[in-house]
Amino acid sequence: MAFEPKGKRWLRVFAAVFGLLLLAAACGDNGGDNGGNGDNGGGNGEGTEEPGGGGGDPSAPEQTTLRIVVAPPEFDSLVDAIWFQKLEEAGITVETVDFEFGPDTTRALASGAGAIASTSPTPLMRYIQEAGGGMKIIAAALLNTDYVLLTTPDIESAADLVGKRFGISEPGDISDSTTRLLLDGHPDLDISEVEIVQIGGTSDRIAALVAGEISGGPVHAADGLAAAEEAGLVPLINYWEYIPIYAQRFIVADEQWLGENPNLAQLAVDSLIEAQREAQNDKEAFISLSQELIPDMPDEIRDDVYDFFADGGFFAVNGGIDAIMPTIEADLSIGNLEGELPDQSVWLDTSFVENYLEREGEV
């Protein structure tokens with residue numbers, strides 16, 4: 001379900017948005033003016049000569065409604081709730097469009113279901129390769145993966161995983177791309193020695209582990225610690241120890257909407273960075289929010305994982321731009337992405353983050 005802080009109004013849209021990406025990119029109007037993006041277009045590779053375009057004026061948004069495509073709440077994405085609250089405090093009605101996996105959030109944005117999306121890097125860049133543009137990355141969030149490889153109790157070392165089944169959500173999702181990076185980077189693992197199977201989201205993978213249907217699978221740190229405590233599963237390998245930089249989410253906007261709403265886009269980026277800074281600096285408030293939105297998590301796990309995020313530089317307190325290219329290069333290095341990418345000016349706009357940092361400074 002969508003983030004629903006008390007006193008806030010959220011539109012929760014559960015629409016199945018499937019179909020060919022290029023067909024979605026060629027679709028017309030999104031059927032409404034509440035944060036809509038008009039004609040998505042396929043993108044022809046044209047854009048500014050540099051990845052930045054000057055940003056906008058956050059004090060003069062072109063409209064007062066913003067539709068954002070997101071995944072359901074987990075501990076690693078709680079900053080989104082702070083982000084939405086800050087936008088509402090600035091007079092913007094936030095409507096969330098909920099999809100569970102990264103490929104779905106990319107498809108949804110391509111179809112016109114929203115103006116901005118928080119999505120996984122790999123499916124987004126695959127879309128941009130296929131469509132030649134149409135979307136622009138404007139920031140990044142969660143500057144490394146927090147996945148742990150959760151295994152059944154019989155797995156005592158990486159060597160025990162040879163010939164075993166790994167569960168992911170679906171091909172191209174963050175659970176798939178980071179698992180392939182782990183298998184490439186870990187000295188005792190190789191993708192040719194395991195079977196990767198599609199299982200579903202984090203809760204589905206945990207259930208499959210408990211049932212013995214798979215031997216290992218990526219889960220977010222908080223979920224992994226909780227499952228270890230409650231079900232006797234084993235958090236065997238920390239992904240971040242073998243994947244130095246991999247932004248877990250790119251913040252991306254429809255290109256036409258971005259051109260028509262630079263001020264609202266600037267306000268969205270300002271609010272995003274301020275939310276990241278608040279999360280970094282106010283542990284008590286973050287933990288309190290997690291208790292409201294994820295009530296069943298043990299408090300000691302909240303505390304441990306928050307400290308891990310804050311101490312490890314996971315919060316994108318300066319907008320996350322520096323993590324974008326290392327993430328894409330990691331995907332290219334092992335074949336998560338193949339072939340040439342369009343020029344950065346087609347798919348990257350750093351001007352909104354730069355505009356904020358010029359006014360507020362780096363931390």
# chains A, B, ... in the order shown; residues from 1 in each chain; ligands from 1
call {"tool": "select_by_dssp", "arguments": {"residues": "range 234-302 of chain A", "states": "helix (DSSP H, G or I)", "output": "PyMOL selection string"}}
result
chain A and resi 239-241+255-260+262-281+283-293+299-302
call {"tool": "select_by_dssp", "arguments": {"residues": "range 61-185 of chain A", "states": "strand (DSSP E)", "output": "CSV table (one decimal) with C-alpha atoms, in the first residue's frame"}}
result
chain,number,residue,atom,x,y,z
A,65,THR,CA,-0.6,18.6,-8.0
A,66,LEU,CA,2.2,16.1,-8.5
A,67,ARG,CA,1.8,12.5,-9.3
A,68,ILE,CA,4.8,10.3,-8.4
A,69,VAL,CA,5.2,6.6,-9.3
A,70,VAL,CA,6.7,4.7,-6.4
A,93,THR,CA,-1.0,17.7,-3.4
A,94,VAL,CA,1.0,14.5,-3.9
A,95,GLU,CA,-0.7,11.6,-5.6
A,96,THR,CA,1.2,8.3,-5.5
A,97,VAL,CA,1.0,5.5,-8.1
A,98,ASP,CA,2.0,2.3,-6.6
A,116,ILE,CA,8.1,11.6,-11.7
A,117,ALA,CA,9.2,8.1,-10.7
A,118,SER,CA,11.5,6.6,-8.1
A,119,THR,CA,12.7,3.5,-10.0
A,135,MET,CA,12.8,10.4,-19.5
A,136,LYS,CA,15.5,12.3,-17.6
A,137,ILE,CA,17.2,11.4,-14.4
A,138,ILE,CA,17.2,14.3,-12.0
A,139,ALA,CA,18.5,12.8,-8.8
A,140,ALA,CA,19.3,9.6,-7.0
A,141,ALA,CA,18.3,8.1,-3.7
A,147,TYR,CA,20.5,-6.0,0.2
A,148,VAL,CA,21.7,-9.0,2.2
A,149,LEU,CA,21.8,-12.5,0.8
A,150,LEU,CA,19.4,-14.4,3.0
A,151,THR,CA,19.8,-18.2,3.0
A,165,ARG,CA,18.4,-21.7,-6.5
A,166,PHE,CA,18.5,-17.9,-6.0
A,167,GLY,CA,15.1,-16.1,-5.9
A,168,ILE,CA,14.6,-12.6,-7.4
call {"tool": "atom_distance", "arguments": {"atom1": "CA of Glu130 in chain A", "atom2": "CA of Trp257 in chain A"}}
result
19.9 Å
call {"tool": "closest_residue", "arguments": {"among": "A:Ala253, A:Ala285, A:Thr106, A:Pro235", "to": "Ala265 in chain A", "atoms": "only C-alpha atoms"}}
result
A:Ala253
call {"tool": "atom_distance", "arguments": {"atom1": "CA of Glu230 in chain A", "atom2": "CA of Gly212 in chain A"}}
result
15.7 Å
call {"tool": "closest_residue", "arguments": {"among": "A:Ala158, A:Val252, A:Leu225, A:Leu142", "to": "Met297 in chain A", "atoms": "only C-alpha atoms"}}
result
A:Leu225
call {"tool": "closest_residue", "arguments": {"among": "A:Asp254, A:Glu88, A:Glu362, A:Asp307", "to": "Ala115 in chain A", "atoms": "only C-alpha atoms"}}
result
A:Asp254
